[in-house]
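Engineer: First the structure, then my questions, so here it is.
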Amino acid sequence: MENDKRDERSHAIADTLPPVPLTLEGAAVLHQMFRVRWPAWKTLAAAERQAAVAEATTVLTAMEQDGSGQTALFSLLGHKGDLLILHFRRSFDDLNAAEMRLAATRLADFLEPTASYLSVVELGLYEATVRLYTALRARGLQPDTAEWVHAVEAELARQRQAMAGRLWPQIPPRRYLCFYPMDKKRGEMKNWYQVPITERQTMMSAHGLIGRRYAGQVTQIISGSIGFDDWEWGVDLFADDPLVFKKLVYEMRFDEASAVYGLFGTFYVGLRFAAADLGIWLGGRVPAFPPTASG
Amino acid sequence: MENDKRDERSHAIADTLPPVPLTLEGAAVLHQMFRVRWPAWKTLAAAERQAAVAEATTVLTAMEQDGSGQTALFSLLGHKGDLLILHFRRSFDDLNAAEMRLAATRLADFLEPTASYLSVVELGLYEATVRLYTALRARGLQPDTAEWVHAVEAELARQRQAMAGRLWPQIPPRRYLCFYPMDKKRGEMKNWYQVPITERQTMMSAHGLIGRRYAGQVTQIISGSIGFDDWEWGVDLFADDPLVFKKLVYEMRFDEASAVYGLFGTFYVGLRFAAADLGIWLGGRVPAFPPTASG
Amino acid sequence: MENDKRDERSHAIADTLPPVPLTLEGAAVLHQMFRVRWPAWKTLAAAERQAAVAEATTVLTAMEQDGSGQTALFSLLGHKGDLLILHFRRSFDDLNAAEMRLAATRLADFLEPTASYLSVVELGLYEATVRLYTALRARGLQPDTAEWVHAVEAELARQRQAMAGRLWPQIPPRRYLCFYPMDKKRGEMKNWYQVPITERQTMMSAHGLIGRRYAGQVTQIISGSIGFDDWEWGVDLFADDPLVFKKLVYEMRFDEASAVYGLFGTFYVGLRFAAADLGIWLGGRVPAFPPTASG
Amino acid sequence: MENDKRDERSHAIADTLPPVPLTLEGAAVLHQMFRVRWPAWKTLAAAERQAAVAEATTVLTAMEQDGSGQTALFSLLGHKGDLLILHFRRSFDDLNAAEMRLAATRLADFLEPTASYLSVVELGLYEATVRLYTALRARGLQPDTAEWVHAVEAELARQRQAMAGRLWPQIPPRRYLCFYPMDKKRGEMKNWYQVPITERQTMMSAHGLIGRRYAGQVTQIISGSIGFDDWEWGVDLFADDPLVFKKLVYEMRFDEASAVYGLFGTFYVGLRFAAADLGIWLGGRVPAFPPTASG
Amino acid sequence: MENDKRDERSHAIADTLPPVPLTLEGAAVLHQMFRVRWPAWKTLAAAERQAAVAEATTVLTAMEQDGSGQTALFSLLGHKGDLLILHFRRSFDDLNAAEMRLAATRLADFLEPTASYLSVVELGLYEATVRLYTALRARGLQPDTAEWVHAVEAELARQRQAMAGRLWPQIPPRRYLCFYPMDKKRGEMKNWYQVPITERQTMMSAHGLIGRRYAGQVTQIISGSIGFDDWEWGVDLFADDPLVFKKLVYEMRFDEASAVYGLFGTFYVGLRFAAADLGIWLGGRVPAFPPTASG
């Protein structure tokens with residue numbers, strides 16, 4: 001009886017939780033995809049080509065580890081692009097500056113933009129949100145009151161500090177990248193944004209468990225792009241074996257959060273190489289990664 | 001008992017209100033997105049480049065504050081375009097004249113149009129409409145009668161005067177712009193245009209409350225494009241911190257008006273800079289905004 | 001009792017009416033949208049430019065009012081095109097000849113086709129159809145019998161004569177054009193083509209009433225394109241104030257025929273100018289319309 | 001009673017018929033759509049242009065009636081292409097050879113491919129299939145047994161002989177062509193491929209009746225493209241009056257097979273002209289068809 | 001009674017099976033589609049053309065059978081591309097190296113990439129999975145326990161060895177190729193990823209039976225692309241008669257797995273030719289296959 005009543009009460013509370021989960025935002029992220037204008041590049045005089053390689057190598061090597069973030073290069077598979085340049089920065093201003101700096105290089109005259117994606121590293125806090133909101137409601141607080149807002153701010157500050165490393169991550173130094181954007185479905189019957197927050201939390205938690213089983217094999221960075229780009233989130237997977245991308249994404253497709261609500265955009269798969277090896281790559285060979293003495 | 005009867009009667013009235021909310025229209029708006037033909041621009045002789053910058057700077061500086069409206073420049077993030085030029089004008093004729101004037105500049109030869117959006121600043125008057133229509137119906141008036149039309153015209157005139165500033169706004173002088181077009185869903189089961197006007201008013205009012213909480217951080221300008229462009233509305237958000245775009249749009253996505261009925265097009269995010277700084281921007285650097293002495 | 005029986009009988013008849021409404025077809029219509037290759041145009045020698053303007057002005061002025069129809073020019077807003085050329089002709093052969101004639105001009109080398117739409121002016125006869133079919137059924141006739149077909153042909157002939165002016169219309173001499181194509185939805189639950197003809201007639205009639213209230217402000221020409229182009233109908237609205245496009249299309253969006261069944265394609269908005277003023281327009285200024293002495 | 005039992009039994013049999021209707025396949029079909037690069041073509045020296053016309057005329061005239069099939073030329077309306085070349089051949093190898101032969105001409109350097117469609121002439125045998133399968137089931141035979149397969153092969157052989165003319169047709173010598181691809185819907189509720197074969201047969205039969213009423217005015221050739229191109233079927237209509245395309249397609253849109261299950265792709269409308277008149281057409285005039293002495 | 005109980009128990013077990021079927025992965029696969037820039041190719045000096053042919057023939061002949069896989073060339077029908085190059089390799093690194101090697105040839109300057117597809121040969125093990133999982137559950141084991149994982153690994157190892165030939169296949173030496181990508185539907189009502197694994201197994205098994213009847217006429221290679229490209233699977237069919245593609249795909253469209261859940265992308269159909277015959281093909285003739293003495 002006691003339990004039933006408590007259950008009822010906690011259900012009653014669950015029904016009154018605000019629907020929006022708390023999130024933390026970190027690094028500003030830009031994916032740039034380019035096709036190389038090979039015919040034009042090949043007709044360039046050798047000296048000009050060398051100069052262009054030298055300039056771009058200098059610029060990109062400096063970006064790989066600069067004060068305001070990092071940059072990484074990937075050799076793309078297929079016709080969607082030849083080169084993916086991934087930027088993590090402190091701000092959108094820094095991203096725009098990186099874009100402009102690249103566009104100013106001689107090499108950029110031989111790079112045709114085919115796609116891009118703008119987002120910020122995001123940590124979704126479904127679990128913490130439900131825990132906090134439930135506690136606040138149990139104390140009889142109303143959303144948007146000073147006390148409520150204060151408690152939320154305190155929680156966010158606590159989480160932000162605890163997760164600083166994940167909010168401002170290094171680009172994982174693995175060979176393979178898989179990037180794709182995604183949405184949560186808002187269908188006429190199945191609508192993620194109309195599901196109670198506690199049910200969404202349960203689904204996200206099950207979803208996370210799958211990811212955790214691949215923890216050693218893949219590093220996942222989620223970035224949010226609502227208000228920034230055409231999908232709601234970007235997903236970057238980094239691994240030493242690309243088969244892991246298939247295994248992970250396939251397994252996840254069966255969990256409810258993805259099976260019912262996940263909508264997926266274009267997939268990009270690339271091989272990392274060091275900016276210092278740009279000349280090798282432009283010469284038609286994919287350099288090893290991490291770079292070896294002989295490139 | 002009394003209350004019940006009054007409720008019944010007001011329900012009965014609600015069921016007979018015309019479905020179309022009143023709107024006010026103000027400035028004619030054109031968004032122009034361009035990609036810079038950097039390779040061609042860079043091969044232009046320095047003197048020609050300077051002349052092109054000088055001419056375009058003169059033209060755009062004059063447009064920034066001209067008699068018939070304003071123009072603002074934004075450096076876009078990502079491959080959807082490099083430059084967004086936003087025009088507010090008195091009429092479509094003035095917008096078309098601005099387009100033609102720009103196309104006639106030498107700089108335009110290096111700008112490739114990638115997108116555009118045509119609309120007029122719109123103020124939706126759901127609340128006033130329901131209040132007025134309910135009152136008119138309570139007086140036993142029929143829509144489209146002379147008396148009804150007269151009352152509507154009077155209300156519109158009153159509102160138009162009270163809201164002149166919002167109908168003919170200044171382009172807010174903030175650093176960041178987020179623009180996207182949107183529709184209201186007309187699905188087989190969920191159809192905004194079949195929802196009773198009183199329910200739509202309730203949803204729009206809840207939607208507006210979220211916006212109001214971000215009032216200090218973001219300036220929102222809604223423009224209507226039914227009959228003008230491929231989506232029903234355009235949304236421009238202006239802020240000093242781009243994270244606010246994400247927070248606001250994400251929170252709104254959970255309110256019923258957006259979660260169930262909102263359909264969203266392409267998102268554009270840009271950084272404002274002054275027309276006087278166009279030369280700096282074309283040189284590969286994103287100028288500060290508001291402009292500083294050193295650009 | 002009497003009424004009930006009559007109602008039942010008329011219902012029973014309504015259920016047996018053939019589903020296809022009668023239509024009348026008139027002028028063959030082609031919309032051509034072009035983007036001007038401004039950079040190339042501007043580099044053309046002044047004399048060549050003058051010659052190209054002179055030739056195109058001669059060709060288009062002749063088309064504006066030629067024996068087999070009319071042609072009108074519009075300066076488009078936005079990036080979907082700069083110039084819309086609208087042709088009304090006696091036949092598809094005449095339309096194709098006009099296209100070919102235009103393509104042969106020197107100016108055409110600087111016009112890049114971005115879109116087009118092929119249709120014929122159509123008058124839908126829902127009301128007359130239901131009236132006639134009901135009468136024929138009441139007389140016990142069967143569709144496709146000689147008597148039925150004869151009665152239909154007679155009705156069509158009568159209507160064709162009465163509506164000759166609307167079937168072979170002048171292009172209305174108004175400043176603004178709004179063009180868009182549309183379909184009727186064939187969803188899994190809401191399917192226009194499965195709705196009984198009497199219900200479709202009721203919806204079309206309510207739809208028409210809205211149009212009639214805008215009669216003085218807007219001239220509407222509907223053209224059918226089933227079997228000719230990718231949507232089922234094209235809609236051309238002509239007005240002296242472009243805000244009327246928004247008011248009309250928005251109001252119609254709430255009527256059942258549009259709210260539930262209307263699907264809309266790309267919208268084009270343009271400003272009319274006279275072929276004689278083509279040189280002014282190509283010089284970067286939008287001429288007034290109707291043309292003034294000073295262009 | 002007797003009848004009821006027979007009905008029940010025939011229903012029971014109907015429920016056990018295999019779902020796939022028999023089809024016959026004939027000529028391999030390729031539609032090629034091209035846009036003419038008019039500016040480049042016009043700058044070609046007159047002598048080169050004459051040589052290119054002479055070569056292409058020779059090649060295409062030979063193709064119009066060659067041993068392995070036929071080819072026909074159409075002047076397209078609108079921006080989707082200027083020229084449609086339709087090939088009927090004995091095999092895909094012959095089609096590919098025709099493509100390659102055309103690409104090798106000088107004229108091909110001025111033709112930009114905008115679209116194409118690959119299919120084979122198909123005769124659907126719904127009626128014969130249901131009759132045969134019902135008879136075989138009534139005899140107690142099981143699908144895929146030797147006896148069943150033998151009976152099917154015999155039926156196909158019989159039909160193939162009887163319909164040889166329709167399987168390997170001449171391109172009908174009419175002035176106007178309408179081509180469009182189509183699918184049968186596989187929605188979540190309305191799914192053609194889940195409808196019992198007897199119901200599909202009834203719908204196809206009603207659909208065919210409409211076509212038959214237009215028999216004298218239009219020649220229809222259906223080709224199958226499942227496994228070959230992006231839609232399931234291609235439809236070619238040939239007529240002397242293009243209004244017939246609109247009448248026929250509109251009327252069919254109300255029959256259940258189309259209203260509920262038909263999905264339609266891009267429509268192409270063109271005017272036939274003889275390969276011998278290619279020079280006239282490239283000169284900017286649409287030749288008559290059938291060709292007259294003076295072109 | 002006994003049977004019923006066993007049935008109930010096996011049903012109960014079926015309900016607790018993990019949803020993800022086991023798969024085996026083999027060769028890395030890349031489809032590259034190109035359009036030939038014929039006009040530019042034809043203007044190349046004969047000697048340069050010969051040199052380009054010689055170089056590309058050497059590179060591609062070596063790839064046809066190299067240590068890390070195979071490559072095959074196909075002459076495509078229609079405008080989606082002229083040439084399809086299919087690569088089977090040991091790894092994504094080898095695929096990327098092949099791409100880069102090709103891009104470095106002189107011929108590549110005349111090949112415009114129009115599409116591509118990245119995947120790995122996949123064998124779905126629905127039957128073995130259900131058998132194994134059912135046995136493990138019957139023994140009371142829980143998924144993700146050490147014992148469970150061990151049994152799964154053992155099964156995979158067994159299957160991998162037994163199926164090595166199908167995981168690392170030769171490109172079947174047949175004349176015709178049909179390639180298309182596909183998804184399994186995740187609709188609001190019909191969602192493949194929410195169907196119990198035993199039901200999916202039943203559907204896949206019925207689907208496989210159709211394929212088996214075509215065994216002698218067509219060789220099918222399925223590759224998985226979840227996490228790699230924009231659809232979930234790629235399907236390659238190889239046959240000596242292209243009509244078999246139509247027959248097979250049409251028949252399959254009626255089985256439940258395809259009718260209800262199959263979504264299909266773009267179809268490509270091509271004719272195989274030997275790399276040694278590249279010069280013949282570039283000269284405008286489609287070589288025979290297998291190659292004959294005279295090409």
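Numbering starts fresh at 1 for the residues of each chain in the structure tokens, the chains themselves are lettered A, B, ... in the order given, and ligands are numbered from 1 as they appear.
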Can you pull out every residue within 12 Å of Arg166 in chain D, counting only C-alpha atoms, but drop anything in the same chain fewer than 2 positions away, and send it as a PyMOL selection string?

Structural biologist: chain D and resi 24-27+120-124+159-164+168-172+219-223

Engineer: Identify, with DSSP run on backbone atoms, the residues in range 9-72 of chain E assigned to alpha helix (DSSP H), and express the list as a ChimeraX atom specification.

Structural biologist: /E:9-14,38-43,46-64

Engineer: Using N, CA and C atoms, can you export the residues from the last selection as a PDB file, in the first residue's frame?

Structural biologist:
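Contents of out_4.pdb, freshly written:
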```pdb
ATOM      1  N   ARG E   9       6.028 -22.291 -24.382  1.00  0.00           N
ATOM      2  CA  ARG E   9       7.361 -22.013 -23.861  1.00  0.00           C
ATOM      3  C   ARG E   9       8.264 -21.460 -24.970  1.00  0.00           C
ATOM      4  N   SER E  10       8.156 -22.039 -26.175  1.00  0.00           N
ATOM      5  CA  SER E  10       9.024 -21.544 -27.241  1.00  0.00           C
ATOM      6  C   SER E  10       8.602 -20.139 -27.661  1.00  0.00           C
ATOM      7  N   HIS E  11       7.292 -19.872 -27.564  1.00  0.00           N
ATOM      8  CA  HIS E  11       6.854 -18.493 -27.813  1.00  0.00           C
ATOM      9  C   HIS E  11       7.438 -17.557 -26.780  1.00  0.00           C
ATOM     10  N   ALA E  12       7.355 -17.997 -25.531  1.00  0.00           N
ATOM     11  CA  ALA E  12       7.868 -17.169 -24.447  1.00  0.00           C
ATOM     12  C   ALA E  12       9.347 -16.892 -24.667  1.00  0.00           C
ATOM     13  N   ILE E  13      10.070 -17.918 -25.109  1.00  0.00           N
ATOM     14  CA  ILE E  13      11.500 -17.717 -25.388  1.00  0.00           C
ATOM     15  C   ILE E  13      11.684 -16.750 -26.546  1.00  0.00           C
ATOM     16  N   ALA E  14      10.912 -16.960 -27.605  1.00  0.00           N
ATOM     17  CA  ALA E  14      11.041 -16.094 -28.787  1.00  0.00           C
ATOM     18  C   ALA E  14      10.909 -14.628 -28.403  1.00  0.00           C
ATOM     19  N   TRP E  38      33.043  13.759 -72.797  1.00  0.00           N
ATOM     20  CA  TRP E  38      33.334  13.408 -74.192  1.00  0.00           C
ATOM     21  C   TRP E  38      33.870  14.582 -75.008  1.00  0.00           C
ATOM     22  N   PRO E  39      33.217  15.771 -74.935  1.00  0.00           N
ATOM     23  CA  PRO E  39      33.728  16.868 -75.774  1.00  0.00           C
ATOM     24  C   PRO E  39      35.215  17.140 -75.528  1.00  0.00           C
ATOM     25  N   ALA E  40      35.602  17.215 -74.236  1.00  0.00           N
ATOM     26  CA  ALA E  40      37.018  17.484 -73.938  1.00  0.00           C
ATOM     27  C   ALA E  40      37.893  16.315 -74.387  1.00  0.00           C
ATOM     28  N   TRP E  41      37.419  15.097 -74.138  1.00  0.00           N
ATOM     29  CA  TRP E  41      38.180  13.910 -74.523  1.00  0.00           C
ATOM     30  C   TRP E  41      38.450  13.896 -76.031  1.00  0.00           C
ATOM     31  N   LYS E  42      37.418  14.253 -76.795  1.00  0.00           N
ATOM     32  CA  LYS E  42      37.548  14.187 -78.247  1.00  0.00           C
ATOM     33  C   LYS E  42      38.484  15.261 -78.792  1.00  0.00           C
ATOM     34  N   THR E  43      38.617  16.363 -78.065  1.00  0.00           N
ATOM     35  CA  THR E  43      39.503  17.420 -78.575  1.00  0.00           C
ATOM     36  C   THR E  43      40.962  17.155 -78.213  1.00  0.00           C
ATOM     37  N   ALA E  46      45.458  13.019 -80.566  1.00  0.00           N
ATOM     38  CA  ALA E  46      45.420  11.555 -80.643  1.00  0.00           C
ATOM     39  C   ALA E  46      46.523  10.913 -79.797  1.00  0.00           C
ATOM     40  N   ALA E  47      47.687  11.496 -79.832  1.00  0.00           N
ATOM     41  CA  ALA E  47      48.820  10.910 -79.083  1.00  0.00           C
ATOM     42  C   ALA E  47      48.553  10.978 -77.583  1.00  0.00           C
ATOM     43  N   GLU E  48      48.037  12.101 -77.138  1.00  0.00           N
ATOM     44  CA  GLU E  48      47.715  12.237 -75.709  1.00  0.00           C
ATOM     45  C   GLU E  48      46.622  11.261 -75.315  1.00  0.00           C
ATOM     46  N   ARG E  49      45.649  11.106 -76.213  1.00  0.00           N
ATOM     47  CA  ARG E  49      44.552  10.190 -75.938  1.00  0.00           C
ATOM     48  C   ARG E  49      45.090   8.772 -75.812  1.00  0.00           C
ATOM     49  N   GLN E  50      45.977   8.417 -76.737  1.00  0.00           N
ATOM     50  CA  GLN E  50      46.579   7.079 -76.689  1.00  0.00           C
ATOM     51  C   GLN E  50      47.346   6.865 -75.392  1.00  0.00           C
ATOM     52  N   ALA E  51      48.104   7.888 -75.009  1.00  0.00           N
ATOM     53  CA  ALA E  51      48.885   7.761 -73.776  1.00  0.00           C
ATOM     54  C   ALA E  51      47.958   7.599 -72.569  1.00  0.00           C
ATOM     55  N   ALA E  52      46.878   8.377 -72.562  1.00  0.00           N
ATOM     56  CA  ALA E  52      45.933   8.290 -71.447  1.00  0.00           C
ATOM     57  C   ALA E  52      45.274   6.912 -71.407  1.00  0.00           C
ATOM     58  N   VAL E  53      44.906   6.393 -72.583  1.00  0.00           N
ATOM     59  CA  VAL E  53      44.315   5.057 -72.645  1.00  0.00           C
ATOM     60  C   VAL E  53      45.315   4.019 -72.145  1.00  0.00           C
ATOM     61  N   ALA E  54      46.538   4.144 -72.601  1.00  0.00           N
ATOM     62  CA  ALA E  54      47.567   3.165 -72.221  1.00  0.00           C
ATOM     63  C   ALA E  54      47.772   3.164 -70.710  1.00  0.00           C
ATOM     64  N   GLU E  55      47.886   4.371 -70.141  1.00  0.00           N
ATOM     65  CA  GLU E  55      48.104   4.465 -68.695  1.00  0.00           C
ATOM     66  C   GLU E  55      46.929   3.877 -67.920  1.00  0.00           C
ATOM     67  N   ALA E  56      45.715   4.289 -68.277  1.00  0.00           N
ATOM     68  CA  ALA E  56      44.535   3.817 -67.554  1.00  0.00           C
ATOM     69  C   ALA E  56      44.345   2.313 -67.722  1.00  0.00           C
ATOM     70  N   THR E  57      44.625   1.818 -68.921  1.00  0.00           N
ATOM     71  CA  THR E  57      44.507   0.379 -69.157  1.00  0.00           C
ATOM     72  C   THR E  57      45.470  -0.385 -68.262  1.00  0.00           C
ATOM     73  N   THR E  58      46.676   0.113 -68.144  1.00  0.00           N
ATOM     74  CA  THR E  58      47.668  -0.536 -67.276  1.00  0.00           C
ATOM     75  C   THR E  58      47.195  -0.543 -65.823  1.00  0.00           C
ATOM     76  N   VAL E  59      46.761   0.633 -65.355  1.00  0.00           N
ATOM     77  CA  VAL E  59      46.330   0.751 -63.962  1.00  0.00           C
ATOM     78  C   VAL E  59      45.124  -0.153 -63.692  1.00  0.00           C
ATOM     79  N   LEU E  60      44.145  -0.117 -64.572  1.00  0.00           N
ATOM     80  CA  LEU E  60      42.907  -0.859 -64.325  1.00  0.00           C
ATOM     81  C   LEU E  60      43.084  -2.353 -64.558  1.00  0.00           C
ATOM     82  N   THR E  61      43.900  -2.722 -65.514  1.00  0.00           N
ATOM     83  CA  THR E  61      44.163  -4.143 -65.722  1.00  0.00           C
ATOM     84  C   THR E  61      44.835  -4.737 -64.487  1.00  0.00           C
ATOM     85  N   ALA E  62      45.761  -3.979 -63.923  1.00  0.00           N
ATOM     86  CA  ALA E  62      46.413  -4.449 -62.692  1.00  0.00           C
ATOM     87  C   ALA E  62      45.389  -4.578 -61.565  1.00  0.00           C
ATOM     88  N   MET E  63      44.447  -3.646 -61.520  1.00  0.00           N
ATOM     89  CA  MET E  63      43.437  -3.687 -60.452  1.00  0.00           C
ATOM     90  C   MET E  63      42.442  -4.829 -60.656  1.00  0.00           C
ATOM     91  N   GLU E  64      42.195  -5.213 -61.905  1.00  0.00           N
ATOM     92  CA  GLU E  64      41.200  -6.258 -62.157  1.00  0.00           C
ATOM     93  C   GLU E  64      41.474  -7.480 -61.290  1.00  0.00           C
TER      94      GLU E  64
END
```

Engineer: My list of candidates is E:Ser75, E:Gln70, E:Asn96, E:Thr16. Which is closest to chain A when distances are computed with only C-alpha atoms?

Structural biologist: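 Looking only at the distances to chain A, the closest residue turns out to be E:Asn96.
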
Engineer: Quick one: of E:Trp192, E:Tyr261, E:Phe267, E:Phe74, who's nearest to chain A, counting only C-alpha atoms?

Structural biologist: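 Result for the nearest residue to chain A: E:Trp192.
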
Engineer: Range 176-265 of chain B: which residues are strand (DSSP E or B) by DSSP, as a list of chain:residue names?

Structural biologist: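 Filtering range 176-265 of chain B down to strand (DSSP E or B) leaves B:Tyr176, B:Leu177, B:Cys178, B:Phe179, B:Tyr180, B:Pro181, B:Met182, B:Asp183, B:Lys184, B:Arg186, B:Asn191, B:Val218, B:Thr219, B:Gln220, B:Ile221, B:Ile222, B:Ser223, B:Gly224, B:Trp233, B:Gly234, B:Val235, B:Asp236, B:Leu237, B:Phe238, B:Ala239, B:Gly262, B:Leu263, B:Phe264.
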
Engineer: Could I get the residues of chain E with an atom no further than 9 Å from an atom of chain D, each paired with its nearest atom pair and that distance in Å to one decimal, using only C-alpha atoms, sorted by chain and residue number, as a tab-separated table?

Structural biologist:
```
residue	atom	partner	partner_atom	distance
E:Trp38	CA	D:Asp109	CA	7.1
E:Pro39	CA	D:Asp109	CA	5.0
E:Ala40	CA	D:Asp109	CA	8.6
E:Lys42	CA	D:Ala104	CA	8.4
E:Ser75	CA	D:Asn96	CA	7.8
E:Leu76	CA	D:Asn96	CA	7.7
E:Leu77	CA	D:Asn96	CA	6.0
E:Gly78	CA	D:Ser116	CA	5.4
E:His79	CA	D:Ser116	CA	5.5
E:Lys80	CA	D:Ala115	CA	7.9
E:Cys178	CA	D:Gly227	CA	7.0
E:Phe179	CA	D:Gly227	CA	8.5
E:Tyr180	CA	D:Gly227	CA	8.4
E:Gly187	CA	D:Glu188	CA	7.1
E:Glu188	CA	D:Glu188	CA	8.0
E:Met189	CA	D:Glu188	CA	6.5
E:Lys190	CA	D:Glu188	CA	6.1
E:Pro242	CA	D:Phe92	CA	7.8
E:Leu243	CA	D:Glu25	CA	8.1
E:Val244	CA	D:Gly227	CA	8.8
E:Phe245	CA	D:Gly227	CA	5.3
E:Lys246	CA	D:Gly227	CA	4.8
E:Lys247	CA	D:Gly227	CA	8.2
E:Leu248	CA	D:Gly227	CA	8.1
E:Val249	CA	D:Gly227	CA	5.8
E:Tyr250	CA	D:Ile226	CA	6.2
E:Glu251	CA	D:Val20	CA	6.1
E:Arg253	CA	D:Tyr193	CA	7.0
E:Phe254	CA	D:Tyr193	CA	5.3
E:Asp255	CA	D:Tyr193	CA	8.2
E:Glu256	CA	D:Gln194	CA	7.9
E:Ala259	CA	D:Tyr193	CA	5.6
E:Val260	CA	D:Arg186	CA	6.7
E:Tyr261	CA	D:Arg186	CA	8.9
E:Phe264	CA	D:Asp230	CA	8.3
E:Gly265	CA	D:Asp230	CA	7.1
E:Thr266	CA	D:Asp230	CA	5.3
E:Phe267	CA	D:Asp229	CA	5.0
E:Tyr268	CA	D:Phe228	CA	6.8
E:Val269	CA	D:Phe228	CA	6.1
E:Gly270	CA	D:Asn96	CA	8.9
E:Leu271	CA	D:Asp93	CA	7.7
E:Trp281	CA	D:Met100	CA	8.6
E:Gly283	CA	D:Ala104	CA	8.0
E:Gly284	CA	D:Met100	CA	5.2
E:Arg285	CA	D:Met100	CA	6.5
E:Val286	CA	D:Ala97	CA	6.4
```

Engineer: Write out, as an mmCIF file, in the first residue's frame, the residues just selected, with C-alpha atoms.

Structural biologist:
```cif
data_model
loop_
_atom_site.group_PDB
_atom_site.id
_atom_site.type_symbol
_atom_site.label_atom_id
_atom_site.label_comp_id
_atom_site.auth_asym_id
_atom_site.auth_seq_id
_atom_site.Cartn_x
_atom_site.Cartn_y
_atom_site.Cartn_z
ATOM 1 C CA TRP E 38 33.334 13.408 -74.192
ATOM 2 C CA PRO E 39 33.728 16.868 -75.774
ATOM 3 C CA ALA E 40 37.018 17.484 -73.938
ATOM 4 C CA LYS E 42 37.548 14.187 -78.247
ATOM 5 C CA SER E 75 29.396 0.606 -69.516
ATOM 6 C CA LEU E 76 26.333 2.266 -67.986
ATOM 7 C CA LEU E 77 23.007 2.814 -69.724
ATOM 8 C CA GLY E 78 21.388 6.254 -69.501
ATOM 9 C CA HIS E 79 22.449 9.647 -68.189
ATOM 10 C CA LYS E 80 23.315 8.661 -64.595
ATOM 11 C CA CYS E 178 22.276 -4.206 -61.743
ATOM 12 C CA PHE E 179 23.145 -2.179 -58.645
ATOM 13 C CA TYR E 180 20.797 -0.420 -56.229
ATOM 14 C CA GLY E 187 7.342 4.065 -40.721
ATOM 15 C CA GLU E 188 4.999 5.122 -37.973
ATOM 16 C CA MET E 189 3.057 1.863 -38.253
ATOM 17 C CA LYS E 190 5.269 -0.455 -40.276
ATOM 18 C CA PRO E 242 19.286 -8.417 -68.053
ATOM 19 C CA LEU E 243 15.599 -9.407 -68.165
ATOM 20 C CA VAL E 244 16.345 -11.574 -65.148
ATOM 21 C CA PHE E 245 16.869 -8.394 -63.096
ATOM 22 C CA LYS E 246 13.304 -7.315 -63.853
ATOM 23 C CA LYS E 247 11.806 -10.741 -63.214
ATOM 24 C CA LEU E 248 13.635 -11.194 -59.914
ATOM 25 C CA VAL E 249 13.109 -7.715 -58.507
ATOM 26 C CA TYR E 250 9.450 -7.679 -59.581
ATOM 27 C CA GLU E 251 8.715 -11.048 -58.013
ATOM 28 C CA ARG E 253 8.456 -6.831 -54.616
ATOM 29 C CA PHE E 254 5.439 -8.960 -53.678
ATOM 30 C CA ASP E 255 7.047 -10.766 -50.757
ATOM 31 C CA GLU E 256 6.326 -9.181 -47.389
ATOM 32 C CA ALA E 259 6.414 -5.159 -50.319
ATOM 33 C CA VAL E 260 5.956 -3.699 -46.866
ATOM 34 C CA TYR E 261 9.471 -2.893 -45.677
ATOM 35 C CA PHE E 264 14.771 1.331 -52.957
ATOM 36 C CA GLY E 265 17.218 3.952 -54.208
ATOM 37 C CA THR E 266 18.657 4.653 -57.643
ATOM 38 C CA PHE E 267 19.120 1.749 -60.056
ATOM 39 C CA TYR E 268 22.229 1.409 -62.228
ATOM 40 C CA VAL E 269 22.458 -1.052 -65.113
ATOM 41 C CA GLY E 270 25.704 -1.681 -66.958
ATOM 42 C CA LEU E 271 27.507 -3.954 -69.383
ATOM 43 C CA TRP E 281 35.156 1.622 -75.280
ATOM 44 C CA GLY E 283 36.603 4.962 -78.991
ATOM 45 C CA GLY E 284 32.816 4.673 -78.899
ATOM 46 C CA ARG E 285 32.225 0.913 -79.111
ATOM 47 C CA VAL E 286 31.070 -1.406 -76.305
#
```
